[in-house]
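Have a look at target.cif; it's mmCIF, C-alpha atoms:
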data_my_file
#
loop_
_atom_site.label_atom_id
_atom_site.label_comp_id
_atom_site.auth_asym_id
_atom_site.auth_seq_id
_atom_site.Cartn_x
_atom_site.Cartn_y
_atom_site.Cartn_z
CA MET A 35 -40.49 1.16 -16.28
CA ILE A 36 -37.16 2.61 -15.21
CA GLU A 37 -34.46 0.34 -16.65
CA LEU A 38 -31.04 -0.19 -15.10
CA GLY A 39 -28.07 0.22 -17.43
CA LYS A 40 -29.88 2.20 -20.12
CA TYR A 41 -30.50 5.78 -21.19
CA GLN A 42 -34.08 6.95 -20.81
CA MET A 43 -36.10 10.11 -21.29
CA LEU A 44 -37.69 10.76 -17.91
CA GLN A 45 -39.81 13.61 -16.58
CA ALA A 46 -38.90 15.72 -13.57
CA VAL A 47 -41.86 15.23 -11.22
CA LYS A 48 -40.57 16.72 -7.95
CA LYS A 49 -37.78 19.11 -6.95
CA THR A 50 -36.02 18.86 -3.58
CA SER A 51 -32.94 20.47 -2.04
CA PHE A 52 -30.87 17.42 -3.04
CA GLY A 53 -32.12 17.00 -6.64
CA PHE A 54 -35.04 16.03 -8.81
CA TYR A 55 -37.18 12.93 -8.71
CA LEU A 56 -37.76 11.58 -12.21
CA ALA A 57 -40.45 9.25 -13.56
CA GLU A 58 -41.69 7.93 -16.87
CA PRO A 59 -43.60 10.69 -18.67
CA GLU A 60 -46.94 8.90 -18.77
CA GLY A 61 -46.52 6.01 -16.36
CA LYS A 62 -49.59 5.00 -14.38
CA GLN A 63 -47.54 3.71 -11.47
CA ARG A 64 -44.89 6.35 -11.29
CA GLU A 65 -41.73 4.69 -10.08
CA THR A 66 -39.23 7.46 -9.37
CA VAL A 67 -35.46 7.78 -9.42
CA LEU A 68 -33.29 10.56 -8.01
CA LEU A 69 -31.24 12.84 -10.24
CA PRO A 70 -28.84 14.52 -7.77
CA ALA A 71 -28.76 18.32 -7.80
CA GLY A 72 -25.16 18.38 -9.06
CA GLU A 73 -26.16 16.27 -12.06
CA ALA A 74 -29.28 18.22 -13.08
CA PRO A 75 -29.13 20.78 -15.89
CA GLU A 76 -29.34 24.31 -14.45
CA ASP A 77 -32.55 25.09 -16.34
CA LEU A 78 -34.40 21.85 -15.42
CA THR A 79 -37.86 22.43 -13.94
CA VAL A 80 -40.69 20.15 -12.84
CA GLY A 81 -42.47 18.84 -15.94
CA ASP A 82 -39.37 18.89 -18.17
CA LEU A 83 -38.01 15.79 -19.86
CA VAL A 84 -34.34 14.90 -19.38
CA LYS A 85 -32.18 12.15 -20.87
CA VAL A 86 -30.48 10.16 -18.09
CA PHE A 87 -28.51 6.96 -17.58
CA ILE A 88 -29.76 4.68 -14.79
CA TYR A 89 -27.29 2.90 -12.50
CA LYS A 90 -26.74 2.06 -8.82
CA ASP A 91 -24.73 4.30 -6.52
CA THR A 92 -22.15 3.24 -3.92
CA GLU A 93 -24.97 2.39 -1.49
CA ASP A 94 -26.70 0.19 -4.10
CA ARG A 95 -29.57 2.65 -4.67
CA ILE A 96 -30.91 3.20 -8.19
CA ILE A 97 -29.88 6.68 -9.33
CA ALA A 98 -29.87 8.78 -12.52
CA THR A 99 -27.06 10.73 -14.14
CA THR A 100 -26.85 13.06 -17.11
CA LYS A 101 -23.18 12.11 -17.61
CA GLN A 102 -22.30 10.26 -20.78
CA VAL A 103 -21.15 6.71 -20.10
CA PRO A 104 -19.27 4.64 -22.68
CA LEU A 105 -21.64 1.66 -22.72
CA THR A 106 -25.13 0.48 -21.92
CA VAL A 107 -26.46 -3.03 -21.24
CA GLY A 108 -25.44 -5.30 -24.11
CA GLY A 109 -23.10 -2.69 -25.58
CA LEU A 110 -19.32 -2.86 -25.98
CA ALA A 111 -16.56 -0.45 -24.99
CA VAL A 112 -12.87 -0.41 -24.18
CA LEU A 113 -12.38 0.60 -20.54
CA LYS A 114 -9.31 1.07 -18.35
CA VAL A 115 -8.72 -1.08 -15.28
CA LYS A 116 -8.46 1.23 -12.25
CA GLU A 117 -7.83 -1.41 -9.61
CA VAL A 118 -7.69 -5.16 -9.11
CA SER A 119 -8.87 -6.48 -5.74
CA ASN A 120 -9.43 -9.89 -4.18
CA ILE A 121 -12.96 -10.05 -5.69
CA GLY A 122 -12.29 -8.78 -9.22
CA ALA A 123 -11.32 -5.70 -11.17
CA PHE A 124 -12.84 -2.24 -11.17
CA LEU A 125 -13.09 -0.28 -14.41
CA ASP A 126 -13.29 3.45 -15.05
CA TRP A 127 -16.53 4.28 -16.83
CA TRP A 128 -16.65 7.96 -15.86
CA LEU A 129 -19.07 7.62 -12.94
CA ILE A 130 -18.44 8.00 -9.20
CA LYS A 131 -18.94 4.25 -8.73
CA ASP A 132 -16.47 2.18 -10.77
CA LEU A 133 -17.77 -0.72 -12.88
CA PHE A 134 -17.14 -4.17 -11.36
CA LEU A 135 -15.57 -6.91 -13.52
CA PRO A 136 -15.81 -10.19 -11.56
CA PHE A 137 -12.95 -12.70 -11.84
CA LYS A 138 -15.32 -15.25 -13.43
CA GLU A 139 -15.99 -12.77 -16.28
CA GLN A 140 -12.29 -12.14 -16.99
CA THR A 141 -10.50 -13.95 -19.81
CA THR A 142 -6.98 -13.08 -18.66
CA LYS A 143 -5.19 -11.83 -15.56
CA LEU A 144 -5.51 -8.04 -15.30
CA LYS A 145 -3.59 -5.22 -13.66
CA ALA A 146 -4.28 -1.53 -13.09
CA GLY A 147 -3.81 0.43 -16.30
CA ASP A 148 -4.83 -2.39 -18.67
CA ASN A 149 -7.40 -1.63 -21.37
CA VAL A 150 -10.10 -4.25 -21.88
CA LEU A 151 -13.03 -4.69 -24.22
CA VAL A 152 -16.12 -5.38 -22.13
CA SER A 153 -19.88 -5.62 -22.33
CA LEU A 154 -22.31 -4.47 -19.66
CA TYR A 155 -24.81 -6.86 -18.07
CA ILE A 156 -27.08 -7.07 -15.02
CA ASP A 157 -26.00 -9.81 -12.61
CA LYS A 158 -28.31 -12.04 -10.54
CA SER A 159 -28.17 -9.48 -7.68
CA GLN A 160 -29.51 -6.78 -10.03
CA ARG A 161 -26.18 -4.92 -10.20
CA LEU A 162 -24.41 -3.64 -13.31
CA CYS A 163 -21.26 -5.62 -14.06
CA ALA A 164 -18.79 -6.03 -16.91
CA THR A 165 -17.73 -9.12 -18.80
CA MET A 166 -14.75 -9.72 -21.04
CA LYS A 167 -16.61 -12.65 -22.63
CA VAL A 168 -17.76 -10.58 -25.58
CA TYR A 169 -17.77 -13.03 -28.51
CA ASP A 170 -21.58 -13.30 -28.57
CA PHE A 171 -21.90 -9.50 -28.77
CA LEU A 172 -19.74 -9.23 -31.91
CA SER A 173 -20.80 -9.74 -35.51
CA SER A 174 -18.95 -11.67 -38.21
CA ASP A 175 -20.77 -9.89 -41.07
CA SER A 176 -18.51 -6.92 -41.80
CA GLY A 177 -18.38 -4.96 -45.01
CA TYR A 178 -14.60 -5.30 -45.15
CA LYS A 179 -12.96 -7.06 -48.09
CA LYS A 180 -9.75 -9.06 -48.39
CA GLY A 181 -6.85 -6.61 -48.39
CA ASP A 182 -8.60 -3.88 -46.39
CA MET A 183 -6.46 -2.45 -43.58
CA VAL A 184 -8.24 -2.57 -40.22
CA SER A 185 -7.28 -2.47 -36.58
CA GLY A 186 -8.93 -3.67 -33.43
CA ILE A 187 -8.44 -4.74 -29.86
CA VAL A 188 -7.44 -8.28 -28.93
CA TYR A 189 -10.25 -9.67 -26.78
CA ASP A 190 -9.29 -13.35 -26.51
CA LYS A 191 -6.33 -15.59 -27.15
CA ILE A 192 -6.00 -19.32 -27.66
CA ASP A 193 -2.30 -20.22 -27.51
CA SER A 194 -2.60 -23.17 -29.89
CA PHE A 195 -4.78 -21.27 -32.38
CA GLY A 196 -4.36 -17.49 -32.49
CA VAL A 197 -5.88 -14.24 -31.27
CA PHE A 198 -9.41 -12.91 -31.60
CA VAL A 199 -9.75 -9.23 -32.44
CA ALA A 200 -12.76 -6.91 -32.19
CA VAL A 201 -12.56 -4.67 -35.26
CA ASP A 202 -14.30 -1.33 -34.65
CA ASN A 203 -15.63 -2.94 -31.41
CA ILE A 204 -18.31 -4.47 -33.67
CA TYR A 205 -16.83 -7.30 -35.73
CA SER A 206 -15.02 -10.44 -34.62
CA ALA A 207 -11.89 -11.43 -36.51
CA MET A 208 -9.20 -14.04 -35.93
CA ILE A 209 -5.47 -13.84 -36.59
CA PRO A 210 -3.90 -17.32 -36.72
CA ASN A 211 -0.62 -17.80 -34.85
CA ASN A 212 1.30 -18.28 -38.11
CA GLU A 213 0.31 -14.74 -39.19
CA LEU A 214 1.39 -13.01 -35.97
CA PHE A 215 4.71 -11.18 -36.24
CA ALA A 216 5.16 -10.78 -32.48
CA PRO A 217 3.44 -12.01 -29.33
CA VAL A 218 0.30 -10.05 -28.45
CA LYS A 219 -1.82 -9.95 -25.32
CA ILE A 220 -5.45 -9.29 -24.58
CA GLY A 221 -6.14 -5.55 -24.63
CA GLU A 222 -3.53 -4.73 -27.28
CA ILE A 223 -4.47 -2.88 -30.45
CA VAL A 224 -3.42 -4.75 -33.59
#

Final structure tokens representation of the file:
Amino acid sequence: MIELGKYQMLQAVKKTSFGFYLAEPEGKQRETVLLPAGEAPEDLTVGDLVKVFIYKDTEDRIIATTKQVPLTVGGLAVLKVKEVSNIGAFLDWWLIKDLFLPFKEQTTKLKAGDNVLVSLYIDKSQRLCATMKVYDFLSSDSGYKKGDMVSGIVYDKIDSFGVFVAVDNIYSAMIPNNELFAPVKIGEIV
């Protein structure tokens, strides 16, 4: 099964003037996805396996790319806000189609140029989207000890409590307000 939002090893099963059609190497029902010609390795031939990321293009068609993207479904990455519109924010994730971050998945007001820690998910319309609600994707079991120096990105803030920081984009940590030396905002590295 070709899975949206993940890397997969797929087999080139047909070559056309506009790219290669890829399928699972031994699938009985061979669902195919297009790898555009400009994305295909120069030496790719029918029968070869190629590692691709699966997403939807600007016309909402499932498509493959050999480009490296910073996150897959359920993963975490810090991305830059390219634009904020009346429906949400759009993040740069190195593909032609920017990654949509709906307002309901934002934990603070954003502007172009902001950096945000997000996770990738598939929405109810079967589209890839981002969420800033990342607490459930972070672990609290780090190998760090008291006194270790670490840094991370602020991913949430509760004014009466403190800020929540993602250390190494893996571990959740909290800095109480009484330990903050200056005001910080979501997206800052501390």

Ala111 of chain A: which residues within 7 Å, counting all atoms listed in the file, same-chain residues fewer than 6 positions away excluded, as a tab-separated table (two decimals) with C-alpha atoms, in the frame of the given file?
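Wrote result39.tsv, looks like this:
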chain	number	residue	atom	x	y	z
A	104	PRO	CA	-19.27	4.64	-22.68
A	105	LEU	CA	-21.64	1.66	-22.72
A	151	LEU	CA	-13.03	-4.69	-24.22
A	152	VAL	CA	-16.12	-5.38	-22.13
A	153	SER	CA	-19.88	-5.62	-22.33
A	203	ASN	CA	-15.63	-2.94	-31.41

- [ ] Using the chain letters and numbering of this document, enumerate as a PyMOL selection string the residues selected by the PyMOL selection byres ((chain A and resi 69) around 12).
- [x] chain A and resi 44-57+66-68+70-75+78+84-91+95-101

TODO: Counting only C-alpha atoms, write as an MDAnalysis selection string all protein and nucleic acid residues lying at most 12 Å from (-2.4, -13.1, -37.6) in the file's frame.
DONE: chainID A and resid 185 188 191 195:199 207:218 224

In file coordinates, which residues lie within 12 Å of (-17.8, -3.1, -10.6) using only C-alpha atoms, given as a short mmCIF file (atom, residue, chain, number, x, y, z; two decimals) with C-alpha atoms, keeping the file's coordinate frame?
data_model
loop_
_atom_site.label_atom_id
_atom_site.label_comp_id
_atom_site.auth_asym_id
_atom_site.auth_seq_id
_atom_site.Cartn_x
_atom_site.Cartn_y
_atom_site.Cartn_z
CA TYR A 89 -27.29 2.90 -12.50
CA LYS A 90 -26.74 2.06 -8.82
CA ASP A 91 -24.73 4.30 -6.52
CA THR A 92 -22.15 3.24 -3.92
CA ASP A 94 -26.70 0.19 -4.10
CA LEU A 113 -12.38 0.60 -20.54
CA VAL A 115 -8.72 -1.08 -15.28
CA LYS A 116 -8.46 1.23 -12.25
CA GLU A 117 -7.83 -1.41 -9.61
CA VAL A 118 -7.69 -5.16 -9.11
CA SER A 119 -8.87 -6.48 -5.74
CA ILE A 121 -12.96 -10.05 -5.69
CA GLY A 122 -12.29 -8.78 -9.22
CA ALA A 123 -11.32 -5.70 -11.17
CA PHE A 124 -12.84 -2.24 -11.17
CA LEU A 125 -13.09 -0.28 -14.41
CA ASP A 126 -13.29 3.45 -15.05
CA TRP A 127 -16.53 4.28 -16.83
CA LEU A 129 -19.07 7.62 -12.94
CA ILE A 130 -18.44 8.00 -9.20
CA LYS A 131 -18.94 4.25 -8.73
CA ASP A 132 -16.47 2.18 -10.77
CA LEU A 133 -17.77 -0.72 -12.88
CA PHE A 134 -17.14 -4.17 -11.36
CA LEU A 135 -15.57 -6.91 -13.52
CA PRO A 136 -15.81 -10.19 -11.56
CA PHE A 137 -12.95 -12.70 -11.84
CA GLU A 139 -15.99 -12.77 -16.28
CA VAL A 152 -16.12 -5.38 -22.13
CA LEU A 154 -22.31 -4.47 -19.66
CA TYR A 155 -24.81 -6.86 -18.07
CA ILE A 156 -27.08 -7.07 -15.02
CA ASP A 157 -26.00 -9.81 -12.61
CA ARG A 161 -26.18 -4.92 -10.20
CA LEU A 162 -24.41 -3.64 -13.31
CA CYS A 163 -21.26 -5.62 -14.06
CA ALA A 164 -18.79 -6.03 -16.91
CA THR A 165 -17.73 -9.12 -18.80
#

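Atom CA of Ile220 of chain A to atom CA of Ser206 of chain A spans 13.9 Å [interatomic distance, one decimal].
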
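One finds atom CA of Lys158 of chain A at 13.7 Å from atom CA of Lys138 of chain A.
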
Task: Explicit residues for the PyMOL selection byres ((chain A and resi 223) around 6) (as a ChimeraX atom specification) - done: /A:186-187,222,224

With N, CA and C atoms as the goal, would you fill in the gaps in segment 72-99 of chain A and present it as a compact mmCIF listing (two decimals), in the frame of the given file?
# COMPACT_ATOMS: atom_id res chain seq x y z
N GLY A 72 -26.39 18.11 -8.30
CA GLY A 72 -25.16 18.38 -9.06
C GLY A 72 -25.15 17.80 -10.45
N GLU A 73 -26.07 16.91 -10.75
CA GLU A 73 -26.16 16.27 -12.06
C GLU A 73 -27.23 16.92 -12.94
N ALA A 74 -28.13 17.66 -12.34
CA ALA A 74 -29.28 18.22 -13.08
C ALA A 74 -28.85 19.43 -13.89
N PRO A 75 -29.37 19.55 -15.12
CA PRO A 75 -29.13 20.78 -15.89
C PRO A 75 -29.67 21.99 -15.12
N GLU A 76 -28.97 23.11 -15.22
CA GLU A 76 -29.34 24.31 -14.45
C GLU A 76 -30.77 24.77 -14.73
N ASP A 77 -31.23 24.58 -15.97
CA ASP A 77 -32.55 25.09 -16.34
C ASP A 77 -33.67 24.04 -16.20
N LEU A 78 -33.39 22.89 -15.58
CA LEU A 78 -34.40 21.85 -15.42
C LEU A 78 -35.48 22.30 -14.44
N THR A 79 -36.73 22.12 -14.83
CA THR A 79 -37.86 22.43 -13.94
C THR A 79 -38.82 21.25 -13.94
N VAL A 80 -39.68 21.20 -12.93
CA VAL A 80 -40.69 20.15 -12.84
C VAL A 80 -41.53 20.16 -14.11
N GLY A 81 -41.72 18.99 -14.69
CA GLY A 81 -42.47 18.84 -15.94
C GLY A 81 -41.57 18.64 -17.15
N ASP A 82 -40.31 19.05 -17.05
CA ASP A 82 -39.37 18.89 -18.17
C ASP A 82 -38.94 17.44 -18.33
N LEU A 83 -38.60 17.09 -19.56
CA LEU A 83 -38.01 15.79 -19.86
C LEU A 83 -36.49 15.93 -19.88
N VAL A 84 -35.80 14.89 -19.40
CA VAL A 84 -34.34 14.90 -19.38
C VAL A 84 -33.84 13.49 -19.70
N LYS A 85 -32.78 13.43 -20.51
CA LYS A 85 -32.18 12.15 -20.87
C LYS A 85 -31.16 11.78 -19.79
N VAL A 86 -31.35 10.59 -19.18
CA VAL A 86 -30.48 10.16 -18.09
C VAL A 86 -30.08 8.69 -18.28
N PHE A 87 -28.96 8.34 -17.67
CA PHE A 87 -28.51 6.96 -17.58
C PHE A 87 -28.84 6.47 -16.18
N ILE A 88 -29.33 5.24 -16.08
CA ILE A 88 -29.76 4.68 -14.79
C ILE A 88 -28.74 3.65 -14.32
N TYR A 89 -28.24 3.83 -13.08
CA TYR A 89 -27.29 2.90 -12.50
C TYR A 89 -27.51 2.83 -10.99
N LYS A 90 -26.65 2.12 -10.28
CA LYS A 90 -26.74 2.06 -8.82
C LYS A 90 -25.54 2.78 -8.22
N ASP A 91 -25.80 3.55 -7.17
CA ASP A 91 -24.73 4.30 -6.52
C ASP A 91 -23.94 3.41 -5.57
N THR A 92 -23.02 4.00 -4.82
CA THR A 92 -22.15 3.24 -3.92
C THR A 92 -22.91 2.58 -2.78
N GLU A 93 -24.14 3.02 -2.53
CA GLU A 93 -24.97 2.39 -1.49
C GLU A 93 -26.02 1.48 -2.10
N ASP A 94 -25.84 1.13 -3.37
CA ASP A 94 -26.70 0.19 -4.10
C ASP A 94 -28.13 0.70 -4.32
N ARG A 95 -28.28 2.04 -4.37
CA ARG A 95 -29.57 2.65 -4.67
C ARG A 95 -29.61 3.01 -6.16
N ILE A 96 -30.77 2.80 -6.79
CA ILE A 96 -30.91 3.20 -8.19
C ILE A 96 -30.87 4.72 -8.26
N ILE A 97 -30.09 5.24 -9.21
CA ILE A 97 -29.88 6.68 -9.33
C ILE A 97 -29.74 7.04 -10.81
N ALA A 98 -29.98 8.30 -11.14
CA ALA A 98 -29.87 8.78 -12.52
C ALA A 98 -28.68 9.72 -12.65
N THR A 99 -28.13 9.78 -13.84
CA THR A 99 -27.06 10.73 -14.14
C THR A 99 -27.25 11.26 -15.55
